[in-house]
$ cat start32.cif   # mmCIF, C-alpha atoms
data_run
loop_
_atom_site.group_PDB
_atom_site.id
_atom_site.type_symbol
_atom_site.label_atom_id
_atom_site.label_comp_id
_atom_site.auth_asym_id
_atom_site.auth_seq_id
_atom_site.Cartn_x
_atom_site.Cartn_y
_atom_site.Cartn_z
ATOM 1 C CA MET A 1 28.865 79.037 -15.896
ATOM 2 C CA TYR A 2 29.419 77.287 -19.215
ATOM 3 C CA SER A 3 27.849 78.661 -22.377
ATOM 4 C CA TYR A 4 26.459 76.413 -25.121
ATOM 5 C CA ALA A 5 24.429 76.597 -28.338
ATOM 6 C CA LEU A 6 21.610 74.044 -28.461
ATOM 7 C CA SER A 7 18.650 73.900 -30.862
ATOM 8 C CA GLY A 8 19.090 77.539 -31.805
ATOM 9 C CA LEU A 9 19.187 78.650 -28.154
ATOM 10 C CA THR A 10 22.006 79.933 -25.955
ATOM 11 C CA VAL A 11 22.307 77.901 -22.781
ATOM 12 C CA ALA A 12 24.081 78.891 -19.552
ATOM 13 C CA SER A 13 24.868 75.808 -17.473
ATOM 14 C CA GLU A 14 26.497 75.189 -14.109
ATOM 15 C CA VAL A 15 27.558 71.745 -15.331
ATOM 16 C CA VAL A 16 29.568 70.638 -18.332
ATOM 17 C CA LEU A 17 27.367 69.264 -21.115
ATOM 18 C CA PRO A 18 29.528 66.687 -22.943
ATOM 19 C CA GLY A 19 29.092 66.683 -26.699
ATOM 20 C CA ALA A 20 27.444 70.127 -26.808
ATOM 21 C CA SER A 21 29.032 72.953 -28.796
ATOM 22 C CA PRO A 22 30.214 76.073 -26.965
ATOM 23 C CA ALA A 23 28.270 79.214 -27.854
ATOM 24 C CA SER A 24 30.253 81.538 -30.083
ATOM 25 C CA GLY A 25 31.306 84.766 -28.407
ATOM 26 C CA GLY A 26 31.506 83.290 -24.912
ATOM 27 C CA PRO A 27 29.134 84.077 -22.015
ATOM 28 C CA GLN A 28 26.097 86.180 -22.925
ATOM 29 C CA GLN A 29 22.460 86.647 -22.051
ATOM 30 C CA ALA A 30 21.130 83.090 -22.169
ATOM 31 C CA ASP A 31 17.780 81.835 -23.423
ATOM 32 C CA VAL A 32 17.946 78.903 -21.001
ATOM 33 C CA SER A 33 19.664 78.433 -17.639
ATOM 34 C CA ILE A 34 20.654 75.109 -16.051
ATOM 35 C CA ARG A 35 21.580 75.021 -12.382
ATOM 36 C CA ARG A 36 21.862 72.831 -9.310
ATOM 37 C CA ALA A 37 19.080 73.675 -6.862
ATOM 38 C CA PRO A 38 16.624 71.991 -4.492
ATOM 39 C CA VAL A 39 13.813 70.375 -6.494
ATOM 40 C CA PRO A 40 10.399 69.596 -4.939
ATOM 41 C CA ASP A 41 9.153 66.024 -4.667
ATOM 42 C CA ALA A 42 5.830 67.069 -6.194
ATOM 43 C CA LEU A 43 4.062 70.022 -7.819
ATOM 44 C CA THR A 44 1.127 71.793 -6.236
ATOM 45 C CA ASN A 45 -2.158 70.873 -7.970
ATOM 46 C CA PRO A 46 -0.683 69.210 -11.068
ATOM 47 C CA THR A 47 -2.943 69.202 -14.123
ATOM 48 C CA ALA A 48 -1.395 66.030 -15.581
ATOM 49 C CA ARG A 49 0.917 63.328 -14.336
ATOM 50 C CA GLY A 50 2.625 60.070 -15.227
ATOM 51 C CA PRO A 51 4.631 57.477 -13.289
ATOM 52 C CA THR A 52 7.742 59.698 -13.157
ATOM 53 C CA TRP A 53 6.491 63.199 -14.068
ATOM 54 C CA GLN A 54 4.000 65.941 -13.196
ATOM 55 C CA MET A 55 2.896 69.062 -15.030
ATOM 56 C CA ALA A 56 1.088 72.239 -13.979
ATOM 57 C CA ALA A 57 0.749 75.239 -16.328
ATOM 58 C CA ARG A 58 4.325 76.399 -17.035
ATOM 59 C CA HIS A 59 5.890 73.940 -14.579
ATOM 60 C CA PHE A 60 7.184 70.431 -15.296
ATOM 61 C CA LEU A 61 8.733 67.991 -12.826
ATOM 62 C CA ILE A 62 10.408 64.759 -13.885
ATOM 63 C CA HIS A 63 12.135 62.121 -11.761
ATOM 64 C CA VAL A 64 14.762 59.797 -13.260
ATOM 65 C CA PRO A 65 15.267 57.100 -10.582
ATOM 66 C CA GLY A 66 18.859 56.770 -9.461
ATOM 67 C CA VAL A 67 19.907 59.864 -11.428
ATOM 68 C CA ALA A 68 18.124 63.111 -10.495
ATOM 69 C CA ARG A 69 14.931 65.112 -10.207
ATOM 70 C CA PHE A 70 14.506 67.904 -12.759
ATOM 71 C CA TYR A 71 12.270 70.961 -12.531
ATOM 72 C CA LEU A 72 11.550 72.924 -15.723
ATOM 73 C CA TYR A 73 9.888 76.318 -15.790
ATOM 74 C CA ASP A 74 8.366 78.118 -18.771
ATOM 75 C CA GLY A 75 10.875 76.765 -21.279
ATOM 76 C CA ARG A 76 13.513 79.043 -19.736
ATOM 77 C CA SER A 77 15.122 77.222 -16.831
ATOM 78 C CA ILE A 78 16.117 73.750 -15.663
ATOM 79 C CA ALA A 79 16.915 73.045 -12.013
ATOM 80 C CA PHE A 80 18.181 69.617 -10.982
ATOM 81 C CA GLU A 81 18.934 67.745 -7.787
ATOM 82 C CA ALA A 82 21.060 64.642 -8.197
ATOM 83 C CA ALA A 83 20.040 61.425 -6.435
ATOM 84 C CA ALA A 84 22.217 60.159 -3.613
ATOM 85 C CA GLY A 85 25.031 58.044 -5.027
ATOM 86 C CA ALA A 86 24.213 58.953 -8.636
ATOM 87 C CA ASP A 87 26.974 58.915 -11.234
ATOM 88 C CA PRO A 88 27.508 62.658 -11.901
ATOM 89 C CA ASP A 89 28.185 61.897 -15.572
ATOM 90 C CA ASP A 90 24.619 60.600 -16.001
ATOM 91 C CA VAL A 91 22.916 63.912 -15.163
ATOM 92 C CA PRO A 92 24.102 65.828 -18.287
ATOM 93 C CA ILE A 93 23.053 62.893 -20.509
ATOM 94 C CA PHE A 94 19.438 63.249 -19.386
ATOM 95 C CA ILE A 95 19.589 67.054 -19.547
ATOM 96 C CA LEU A 96 20.677 66.901 -23.192
ATOM 97 C CA GLY A 97 18.027 64.314 -24.053
ATOM 98 C CA THR A 98 14.653 63.932 -22.374
ATOM 99 C CA VAL A 99 14.824 67.085 -20.259
ATOM 100 C CA PHE A 100 15.832 69.481 -23.021
ATOM 101 C CA GLY A 101 13.269 67.897 -25.342
ATOM 102 C CA ILE A 102 10.514 68.661 -22.824
ATOM 103 C CA LEU A 103 11.806 72.217 -22.420
ATOM 104 C CA LEU A 104 11.541 72.723 -26.187
ATOM 105 C CA HIS A 105 7.953 71.458 -26.018
ATOM 106 C CA GLN A 106 7.325 74.096 -23.341
ATOM 107 C CA ARG A 107 8.586 76.717 -25.792
ATOM 108 C CA GLY A 108 5.988 75.588 -28.333
ATOM 109 C CA GLN A 109 8.433 74.163 -30.850
ATOM 110 C CA ILE A 110 7.914 71.055 -32.971
ATOM 111 C CA VAL A 111 10.430 68.577 -31.563
ATOM 112 C CA LEU A 112 11.289 65.388 -33.429
ATOM 113 C CA HIS A 113 13.332 62.312 -32.600
ATOM 114 C CA ALA A 114 15.616 62.906 -35.566
ATOM 115 C CA SER A 115 19.113 63.446 -36.883
ATOM 116 C CA ALA A 116 19.812 65.802 -39.779
ATOM 117 C CA VAL A 117 22.384 66.901 -42.337
ATOM 118 C CA GLU A 118 22.534 69.839 -44.738
ATOM 119 C CA VAL A 119 21.907 69.236 -48.430
ATOM 120 C CA GLY A 120 21.745 72.085 -50.919
ATOM 121 C CA GLY A 121 21.323 74.694 -48.198
ATOM 122 C CA LYS A 122 18.430 72.829 -46.555
ATOM 123 C CA ALA A 123 18.069 70.437 -43.620
ATOM 124 C CA ILE A 124 17.297 66.789 -44.336
ATOM 125 C CA LEU A 125 15.849 64.936 -41.354
ATOM 126 C CA PHE A 126 15.925 61.226 -40.533
ATOM 127 C CA CYS A 127 13.306 60.261 -37.948
ATOM 128 C CA GLY A 128 13.086 57.028 -36.025
ATOM 129 C CA THR A 129 13.045 55.351 -32.659
ATOM 130 C CA SER A 130 16.244 54.534 -30.783
ATOM 131 C CA GLY A 131 18.257 52.046 -32.834
ATOM 132 C CA ALA A 132 16.563 52.910 -36.135
ATOM 133 C CA GLY A 133 19.831 54.179 -37.637
ATOM 134 C CA LYS A 134 19.337 57.967 -37.562
ATOM 135 C CA SER A 135 22.838 58.720 -36.338
ATOM 136 C CA THR A 136 24.406 56.087 -38.601
ATOM 137 C CA LEU A 137 22.887 57.690 -41.712
ATOM 138 C CA ALA A 138 23.895 61.159 -40.563
ATOM 139 C CA ALA A 139 27.458 59.986 -39.877
ATOM 140 C CA ALA A 140 27.755 58.234 -43.245
ATOM 141 C CA LEU A 141 26.487 61.328 -45.071
ATOM 142 C CA ALA A 142 28.795 63.578 -43.053
ATOM 143 C CA GLN A 143 31.675 61.444 -44.342
ATOM 144 C CA ARG A 144 30.562 62.479 -47.835
ATOM 145 C CA GLY A 145 30.960 66.133 -46.953
ATOM 146 C CA LEU A 146 27.431 66.993 -45.808
ATOM 147 C CA PRO A 147 27.496 69.136 -42.618
ATOM 148 C CA LEU A 148 25.782 67.720 -39.542
ATOM 149 C CA VAL A 149 22.807 69.797 -38.379
ATOM 150 C CA THR A 150 21.638 67.807 -35.362
ATOM 151 C CA ASP A 151 21.793 64.342 -33.832
ATOM 152 C CA ASP A 152 18.897 62.538 -32.103
ATOM 153 C CA LEU A 153 16.817 65.621 -31.213
ATOM 154 C CA CYS A 154 15.592 68.188 -33.734
ATOM 155 C CA ALA A 155 13.608 71.407 -33.141
ATOM 156 C CA LEU A 156 11.527 73.034 -35.888
ATOM 157 C CA SER A 157 9.504 76.219 -36.038
ATOM 158 C CA LEU A 158 6.799 77.065 -38.567
ATOM 159 C CA GLY A 159 6.584 80.491 -40.198
ATOM 160 C CA SER A 160 3.375 82.330 -41.055
ATOM 161 C CA ASP A 161 3.792 81.092 -44.644
ATOM 162 C CA GLY A 162 3.886 77.466 -43.452
ATOM 163 C CA ALA A 163 7.599 77.042 -44.224
ATOM 164 C CA ALA A 164 9.520 75.082 -41.588
ATOM 165 C CA THR A 165 12.882 76.149 -40.187
ATOM 166 C CA VAL A 166 15.247 73.668 -38.552
ATOM 167 C CA HIS A 167 17.362 74.853 -35.632
ATOM 168 C CA PRO A 168 20.823 73.259 -35.387
ATOM 169 C CA ASP A 169 21.562 71.369 -32.224
ATOM 170 C CA GLY A 170 25.288 71.922 -32.134
ATOM 171 C CA ARG A 171 26.207 68.638 -30.517
ATOM 172 C CA ARG A 172 28.494 65.851 -31.665
ATOM 173 C CA LEU A 173 27.355 62.508 -33.057
ATOM 174 C CA ARG A 174 26.717 59.711 -30.590
ATOM 175 C CA LEU A 175 27.502 56.320 -32.096
ATOM 176 C CA TRP A 176 27.754 52.715 -30.962
ATOM 177 C CA SER A 177 31.212 51.156 -31.153
ATOM 178 C CA GLN A 178 30.121 48.802 -33.963
ATOM 179 C CA THR A 179 28.989 51.756 -36.088
ATOM 180 C CA ILE A 180 32.280 53.558 -35.453
ATOM 181 C CA ASP A 181 34.181 50.484 -36.604
ATOM 182 C CA GLU A 182 31.990 49.901 -39.680
ATOM 183 C CA LEU A 183 32.340 53.544 -40.785
ATOM 184 C CA ALA A 184 36.063 53.674 -39.915
ATOM 185 C CA LEU A 185 35.558 56.629 -37.574
ATOM 186 C CA GLY A 186 37.984 55.479 -34.898
ATOM 187 C CA SER A 187 40.184 58.555 -35.300
ATOM 188 C CA ARG A 188 37.209 60.776 -34.489
ATOM 189 C CA ARG A 189 36.007 58.778 -31.477
ATOM 190 C CA GLY A 190 35.712 60.832 -28.306
ATOM 191 C CA GLY A 191 34.744 59.902 -24.777
ATOM 192 C CA ARG A 192 32.265 57.236 -23.758
ATOM 193 C CA MET A 193 28.746 58.569 -23.106
ATOM 194 C CA ARG A 194 28.094 56.463 -20.006
ATOM 195 C CA ALA A 195 30.366 54.164 -18.021
ATOM 196 C CA ARG A 196 28.438 50.976 -18.869
ATOM 197 C CA LEU A 197 27.514 51.881 -22.430
ATOM 198 C CA GLU A 198 29.516 51.135 -25.603
ATOM 199 C CA LYS A 199 28.383 54.417 -27.141
ATOM 200 C CA TYR A 200 30.775 57.280 -27.825
ATOM 201 C CA TYR A 201 30.869 60.909 -28.895
ATOM 202 C CA VAL A 202 32.194 61.291 -32.436
ATOM 203 C CA GLU A 203 33.377 64.528 -34.013
ATOM 204 C CA PRO A 204 31.754 65.002 -37.455
ATOM 205 C CA ASP A 205 33.614 66.389 -40.453
ATOM 206 C CA GLY A 206 31.546 69.579 -40.420
ATOM 207 C CA VAL A 207 28.743 71.129 -38.401
ATOM 208 C CA ARG A 208 26.097 73.632 -39.490
ATOM 209 C CA GLU A 209 25.510 76.351 -36.890
ATOM 210 C CA GLN A 210 22.884 78.523 -38.649
ATOM 211 C CA ALA A 211 19.166 77.771 -38.905
ATOM 212 C CA LEU A 212 18.131 76.184 -42.201
ATOM 213 C CA PRO A 213 14.897 75.785 -44.162
ATOM 214 C CA LEU A 214 13.558 72.239 -44.087
ATOM 215 C CA GLY A 215 14.341 70.206 -47.209
ATOM 216 C CA ALA A 216 12.609 66.886 -46.455
ATOM 217 C CA ILE A 217 11.775 64.457 -43.656
ATOM 218 C CA TYR A 218 12.451 60.727 -43.980
ATOM 219 C CA ALA A 219 10.818 58.341 -41.496
ATOM 220 C CA LEU A 220 13.055 55.275 -41.182
ATOM 221 C CA ARG A 221 11.707 51.746 -41.157
ATOM 222 C CA GLU A 222 13.270 48.319 -41.662
ATOM 223 C CA ALA A 223 12.714 46.470 -44.935
ATOM 224 C CA ARG A 224 10.628 43.442 -44.027
ATOM 225 C CA PRO A 225 7.195 42.285 -45.215
ATOM 226 C CA PRO A 226 4.997 44.052 -46.112
ATOM 227 C CA HIS A 227 7.502 46.927 -46.538
ATOM 228 C CA HIS A 228 9.970 46.800 -49.428
ATOM 229 C CA PRO A 229 13.199 48.814 -49.770
ATOM 230 C CA GLY A 230 12.825 52.268 -51.264
ATOM 231 C CA ILE A 231 11.510 55.782 -50.721
ATOM 232 C CA THR A 232 7.762 56.427 -50.786
ATOM 233 C CA ALA A 233 5.478 59.372 -49.968
ATOM 234 C CA PRO A 234 2.485 58.695 -47.672
ATOM 235 C CA ASN A 235 -0.778 60.581 -48.090
ATOM 236 C CA VAL A 236 -1.295 63.726 -46.028
ATOM 237 C CA VAL A 237 -3.196 61.954 -43.232
ATOM 238 C CA ASP A 238 -0.558 59.241 -42.879
ATOM 239 C CA ALA A 239 2.158 61.913 -43.058
ATOM 240 C CA ALA A 240 0.549 63.736 -40.127
ATOM 241 C CA LEU A 241 0.418 60.523 -38.113
ATOM 242 C CA THR A 242 4.028 59.780 -39.025
ATOM 243 C CA LEU A 243 5.243 63.181 -37.858
ATOM 244 C CA ARG A 244 3.388 62.898 -34.544
ATOM 245 C CA ARG A 245 4.657 59.347 -34.038
ATOM 246 C CA HIS A 246 8.221 60.616 -34.349
ATOM 247 C CA ALA A 247 7.805 63.540 -31.983
ATOM 248 C CA TYR A 248 10.260 63.581 -29.114
ATOM 249 C CA ARG A 249 8.350 61.897 -26.253
ATOM 250 C CA PRO A 250 5.122 61.671 -28.318
ATOM 251 C CA ARG A 251 2.873 60.803 -25.373
ATOM 252 C CA LEU A 252 3.402 64.301 -24.009
ATOM 253 C CA ILE A 253 2.015 66.011 -27.126
ATOM 254 C CA ASN A 254 -1.611 65.588 -26.085
ATOM 255 C CA ARG A 255 -0.913 66.339 -22.411
ATOM 256 C CA MET A 256 0.778 69.607 -23.369
ATOM 257 C CA GLY A 257 -2.036 70.636 -25.705
ATOM 258 C CA GLN A 258 0.039 70.442 -28.891
ATOM 259 C CA ASP A 259 -2.004 68.038 -31.032
ATOM 260 C CA ALA A 260 -3.323 70.805 -33.280
ATOM 261 C CA ALA A 261 0.146 72.331 -33.708
ATOM 262 C CA TYR A 262 1.650 69.010 -34.808
ATOM 263 C CA PHE A 263 -1.182 68.290 -37.231
ATOM 264 C CA HIS A 264 -0.857 71.772 -38.738
ATOM 265 C CA ALA A 265 2.930 71.367 -39.024
ATOM 266 C CA ALA A 266 2.607 67.924 -40.621
ATOM 267 C CA THR A 267 0.107 69.169 -43.193
ATOM 268 C CA ALA A 268 2.280 72.170 -44.097
ATOM 269 C CA ILE A 269 5.443 70.056 -44.331
ATOM 270 C CA ALA A 270 3.784 67.247 -46.337
ATOM 271 C CA ASN A 271 2.488 69.811 -48.846
ATOM 272 C CA GLY A 272 5.794 71.682 -48.899
ATOM 273 C CA ALA A 273 9.157 70.091 -48.202
ATOM 274 C CA GLY A 274 7.717 66.577 -48.081
ATOM 275 C CA ILE A 275 7.489 63.679 -45.624
ATOM 276 C CA PHE A 276 8.710 60.303 -46.922
ATOM 277 C CA HIS A 277 9.219 56.742 -45.735
ATOM 278 C CA LEU A 278 12.768 55.454 -46.184
ATOM 279 C CA THR A 279 12.620 51.657 -46.017
ATOM 280 C CA ARG A 280 15.949 49.861 -46.009
ATOM 281 C CA SER A 281 17.947 46.936 -44.721
ATOM 282 C CA LEU A 282 19.776 47.517 -41.442
ATOM 283 C CA ASN A 283 22.768 45.566 -42.735
ATOM 284 C CA PHE A 284 25.825 47.812 -43.026
ATOM 285 C CA LYS A 285 26.616 46.204 -46.402
ATOM 286 C CA ALA A 286 23.423 47.794 -47.778
ATOM 287 C CA LEU A 287 24.404 51.297 -46.649
ATOM 288 C CA PRO A 288 26.016 52.393 -49.969
ATOM 289 C CA ILE A 289 22.792 51.442 -51.793
ATOM 290 C CA VAL A 290 20.715 53.485 -49.345
ATOM 291 C CA LEU A 291 22.970 56.515 -49.744
ATOM 292 C CA ALA A 292 22.734 56.251 -53.526
ATOM 293 C CA GLN A 293 18.915 56.080 -53.288
ATOM 294 C CA LEU A 294 18.880 59.210 -51.154
ATOM 295 C CA GLU A 295 21.136 61.133 -53.518
ATOM 296 C CA GLN A 296 18.934 60.173 -56.472
ATOM 297 C CA HIS A 297 15.814 61.193 -54.574
ATOM 298 C CA TRP A 298 17.320 64.593 -53.775
ATOM 299 C CA ARG A 299 17.912 65.101 -57.476
ATOM 300 C CA ASP A 300 14.380 63.938 -58.279
ATOM 301 C CA ILE A 301 12.776 66.462 -55.905
ATOM 302 C CA GLY A 302 15.058 69.261 -57.062
ATOM 303 C CA LEU A 303 16.980 69.581 -53.833
ATOM 304 C CA CYS A 304 20.332 69.415 -55.561
ATOM 305 C CA ARG A 305 21.810 68.689 -58.958
ATOM 306 C CA ARG A 306 24.479 66.461 -57.552
ATOM 307 C CA ALA A 307 24.907 65.234 -53.973
ATOM 308 C CA ALA A 308 28.241 65.839 -52.292
#
$ encode --input "start32.cif" --output "structure tokens"
Amino acid sequence: MYSYALSGLTVASEVVLPGASPASGGPQQADVSIRRAPVPDALTNPTARGPTWQMAARHFLIHVPGVARFYLYDGRSIAFEAAAGADPDDVPIFILGTVFGILLHQRGQIVLHASAVEVGGKAILFCGTSGAGKSTLAAALAQRGLPLVTDDLCALSLGSDGAATVHPDGRRLRLWSQTIDELALGSRRGGRMRARLEKYYVEPDGVREQALPLGAIYALREARPPHHPGITAPNVVDAALTLRRHAYRPRLINRMGQDAAYFHAATAIANGAGIFHLTRSLNFKALPIVLAQLEQHWRDIGLCRRAA
């Protein structure tokens, strides 16, 4: 068994999870187990279903055609059965993404499609769909000495006082080859994620392993009419919609009965740390301007006196 630290949880896995950080201290009592095992074709009396998934109480079944079937139970275990002829390297990719995101939903956590860095002892999140530039921003800020907290998937929990805590994910950056070239990160380039994909694991300069209070959330969007470059704060209602929109697999929120939890979290975060829109050009030449805007905004909201 391999032991990893993911989203604040210890994970015992029968398969290597590329890009994940080993748990400190070696094998121990795990919060989550991942194992090869027979997986049923269907659940008994599912309460909800989609084209490739079924759910019943604490059980969740998902089928990734040509890769594997995955069975999740109670946020504590993942069993998988690879498809005939599947590339074995593809299975861990889906475990670390979609499957683990669903497991975190089962555990009742707020799960966002986000990357994050540490600023002034707090976690700064960048939310967006695939290709929005979350990992690029995190990588560029890591080059400036800000520790990476998580890449692509981010788990939060809300305390009784409404304060949000961000749980580090412990995995390496995953960047397209063009981004690696533009940021001059070739010396840190690791293995390719998938055989037919020009996306690679990249070792960041520093990684934060401890949970952090939330500093701010930025929802990324491209600068094009009617949106102009800059950082703006939506009203509380729009902030709640923004947070839900950037949940990891947002269509599952309602099916898993988490609408109220996400609305409560969004309201608490909007009134506390803050939820903002970061509108910017996707051109790499504009990246220094965006980073300067972020650093100024952190000073404006009292997050730090001077960015790293």
$ resolve_selection --input "start32.cif" --expression "the PyMOL selection byres ((chain A and resi 177) around 6)" --output "PyMOL selection string"
chain A and resi 176+178-180+198-199
$ write_last_selection --input "start32.cif" --atoms "C-alpha atoms" --output "mmCIF file, keeping the file's coordinate frame"
data_model
loop_
_atom_site.group_PDB
_atom_site.id
_atom_site.type_symbol
_atom_site.label_atom_id
_atom_site.label_comp_id
_atom_site.auth_asym_id
_atom_site.auth_seq_id
_atom_site.Cartn_x
_atom_site.Cartn_y
_atom_site.Cartn_z
ATOM 1 C CA TRP A 176 27.754 52.715 -30.962
ATOM 2 C CA GLN A 178 30.121 48.802 -33.963
ATOM 3 C CA THR A 179 28.989 51.756 -36.088
ATOM 4 C CA ILE A 180 32.280 53.558 -35.453
ATOM 5 C CA GLU A 198 29.516 51.135 -25.603
ATOM 6 C CA LYS A 199 28.383 54.417 -27.141
#
$ closest_atom_pairs --input "start32.cif" --of "stretch 203-274 of chain A" --to "stretch 16-37 of chain A" --cutoff "12 Å" --atoms "only C-alpha atoms" --output "JSON lines"
{"residue": "A:Glu203", "atom": "CA", "partner": "A:Gly19", "partner_atom": "CA", "distance": 8.7}
{"residue": "A:Pro204", "atom": "CA", "partner": "A:Gly19", "partner_atom": "CA", "distance": 11.2}
{"residue": "A:Val207", "atom": "CA", "partner": "A:Ser21", "partner_atom": "CA", "distance": 9.8}
{"residue": "A:Arg208", "atom": "CA", "partner": "A:Ser21", "partner_atom": "CA", "distance": 11.1}
{"residue": "A:Glu209", "atom": "CA", "partner": "A:Ser21", "partner_atom": "CA", "distance": 9.5}
{"residue": "A:Gln210", "atom": "CA", "partner": "A:Ser24", "partner_atom": "CA", "distance": 11.7}
$ atom_distance --input "start32.cif" --atom1 "atom CA of A:Tyr248" --atom2 "atom CA of A:Leu9"
17.5 Å
$ residues_around --input "start32.cif" --residues "stretch 76-82 of chain A" --least-positions-apart "6" --cutoff "10 Å" --atoms "all atoms listed in the file" --output "NGL selection string"
:A and (11-13 or 30-40 or 58 or 60-70 or 88 or 90-91 or 95 or 99-100 or 103-104 or 106-107)
$ atom_distance --input "start32.cif" --atom1 "atom CA of A:Gln109" --atom2 "atom CA of A:Leu156"
6.0 Å
$ resolve_selection --input "start32.cif" --expression "the PyMOL selection byres ((chain A and resi 257-272) around 8)" --output "VMD selection string"
chain A and resid 108 110 158 162 to 164 236 to 237 239 to 241 243 to 244 253 to 256 273 to 275
$ write_last_selection --input "start32.cif" --atoms "C-alpha atoms" --output "PDB file, in the coordinates of the input"
ATOM      1  CA  GLY A 108       5.988  75.588 -28.333  1.00  0.00           C
ATOM      2  CA  ILE A 110       7.914  71.055 -32.971  1.00  0.00           C
ATOM      3  CA  LEU A 158       6.799  77.065 -38.567  1.00  0.00           C
ATOM      4  CA  GLY A 162       3.886  77.466 -43.452  1.00  0.00           C
ATOM      5  CA  ALA A 163       7.599  77.042 -44.224  1.00  0.00           C
ATOM      6  CA  ALA A 164       9.520  75.082 -41.588  1.00  0.00           C
ATOM      7  CA  VAL A 236      -1.295  63.726 -46.028  1.00  0.00           C
ATOM      8  CA  VAL A 237      -3.196  61.954 -43.232  1.00  0.00           C
ATOM      9  CA  ALA A 239       2.158  61.913 -43.058  1.00  0.00           C
ATOM     10  CA  ALA A 240       0.549  63.736 -40.127  1.00  0.00           C
ATOM     11  CA  LEU A 241       0.418  60.523 -38.113  1.00  0.00           C
ATOM     12  CA  LEU A 243       5.243  63.181 -37.858  1.00  0.00           C
ATOM     13  CA  ARG A 244       3.388  62.898 -34.544  1.00  0.00           C
ATOM     14  CA  ILE A 253       2.015  66.011 -27.126  1.00  0.00           C
ATOM     15  CA  ASN A 254      -1.611  65.588 -26.085  1.00  0.00           C
ATOM     16  CA  ARG A 255      -0.913  66.339 -22.411  1.00  0.00           C
ATOM     17  CA  MET A 256       0.778  69.607 -23.369  1.00  0.00           C
ATOM     18  CA  ALA A 273       9.157  70.091 -48.202  1.00  0.00           C
ATOM     19  CA  GLY A 274       7.717  66.577 -48.081  1.00  0.00           C
ATOM     20  CA  ILE A 275       7.489  63.679 -45.624  1.00  0.00           C
TER      21      ILE A 275
END
$ atom_distance --input "start32.cif" --atom1 "atom CA of A:Pro168" --atom2 "atom CA of A:Ala5"
8.6 Å
$ residues_around --input "start32.cif" --residues "A:Asp151" --least-positions-apart "4" --cutoff "8 Å" --atoms "all atoms listed in the file" --output "list in words"
Ala114, Ser115, Ala116, Lys134, Ser135, Ala138, Asp169, Arg171, Arg172, Leu173 and Arg174 of chain A
$ resolve_selection --input "start32.cif" --expression "the PyMOL selection byres ((chain A and resi 213) around 9)" --output "PDB file with C-alpha atoms, in the frame of the given file"
ATOM      1  CA  GLY A 121      21.323  74.694 -48.198  1.00  0.00           C
ATOM      2  CA  LYS A 122      18.430  72.829 -46.555  1.00  0.00           C
ATOM      3  CA  ALA A 123      18.069  70.437 -43.620  1.00  0.00           C
ATOM      4  CA  ALA A 163       7.599  77.042 -44.224  1.00  0.00           C
ATOM      5  CA  ALA A 164       9.520  75.082 -41.588  1.00  0.00           C
ATOM      6  CA  THR A 165      12.882  76.149 -40.187  1.00  0.00           C
ATOM      7  CA  VAL A 166      15.247  73.668 -38.552  1.00  0.00           C
ATOM      8  CA  HIS A 167      17.362  74.853 -35.632  1.00  0.00           C
ATOM      9  CA  ALA A 211      19.166  77.771 -38.905  1.00  0.00           C
ATOM     10  CA  LEU A 212      18.131  76.184 -42.201  1.00  0.00           C
ATOM     11  CA  LEU A 214      13.558  72.239 -44.087  1.00  0.00           C
ATOM     12  CA  GLY A 215      14.341  70.206 -47.209  1.00  0.00           C
TER      13      GLY A 215
END
$ residues_near_point --input "start32.cif" --point "(34.2, 57.7, -40.5)" --cutoff "12 Å" --atoms "all atoms listed in the file" --output "list in words"
Thr136, Leu137, Ala138, Ala139, Ala140, Leu141, Ala142, Gln143, Arg144, Gly145, Leu173, Leu175, Ser177, Gln178, Thr179, Ile180, Asp181, Glu182, Leu183, Ala184, Leu185, Gly186, Ser187, Arg188, Arg189, Val202, Glu203, Pro204 and Asp205 of chain A
$ axis_aligned_box --input "start32.cif" --around "stretch 48-64 of chain A" --padding-each-side "4 Å" --output "lines of an AutoDock Vina configuration file"
center_x = 6.7
center_y = 66.9
center_z = -14.4
size_x = 24.2
size_y = 26.9
size_z = 13.3
$ closest_residue --input "start32.cif" --among "A:Leu146, A:Pro46, A:Gly8, A:Arg251" --to "A:Val119" --atoms "only C-alpha atoms"
A:Leu146
$ build_atoms --input "start32.cif" --residues "stretch 37-43 of chain A" --atoms "N, CA and C atoms" --output "PDB file, in the frame of the given file"
ATOM      1  N   ALA A  37      19.949  73.007  -7.831  1.00  0.00           N
ATOM      2  CA  ALA A  37      19.080  73.675  -6.862  1.00  0.00           C
ATOM      3  C   ALA A  37      18.137  72.631  -6.256  1.00  0.00           C
ATOM      4  N   PRO A  38      17.614  72.909  -5.064  1.00  0.00           N
ATOM      5  CA  PRO A  38      16.624  71.991  -4.492  1.00  0.00           C
ATOM      6  C   PRO A  38      15.412  71.862  -5.419  1.00  0.00           C
ATOM      7  N   VAL A  39      14.952  70.645  -5.622  1.00  0.00           N
ATOM      8  CA  VAL A  39      13.813  70.375  -6.494  1.00  0.00           C
ATOM      9  C   VAL A  39      12.719  69.711  -5.665  1.00  0.00           C
ATOM     10  N   PRO A  40      11.476  70.175  -5.753  1.00  0.00           N
ATOM     11  CA  PRO A  40      10.399  69.596  -4.939  1.00  0.00           C
ATOM     12  C   PRO A  40      10.111  68.149  -5.330  1.00  0.00           C
ATOM     13  N   ASP A  41       9.552  67.401  -4.382  1.00  0.00           N
ATOM     14  CA  ASP A  41       9.153  66.024  -4.667  1.00  0.00           C
ATOM     15  C   ASP A  41       7.894  65.975  -5.523  1.00  0.00           C
ATOM     16  N   ALA A  42       7.084  67.045  -5.445  1.00  0.00           N
ATOM     17  CA  ALA A  42       5.830  67.069  -6.194  1.00  0.00           C
ATOM     18  C   ALA A  42       5.440  68.513  -6.474  1.00  0.00           C
ATOM     19  N   LEU A  43       4.606  68.709  -7.506  1.00  0.00           N
ATOM     20  CA  LEU A  43       4.062  70.022  -7.819  1.00  0.00           C
ATOM     21  C   LEU A  43       2.745  70.227  -7.091  1.00  0.00           C
TER      22      LEU A  43
END
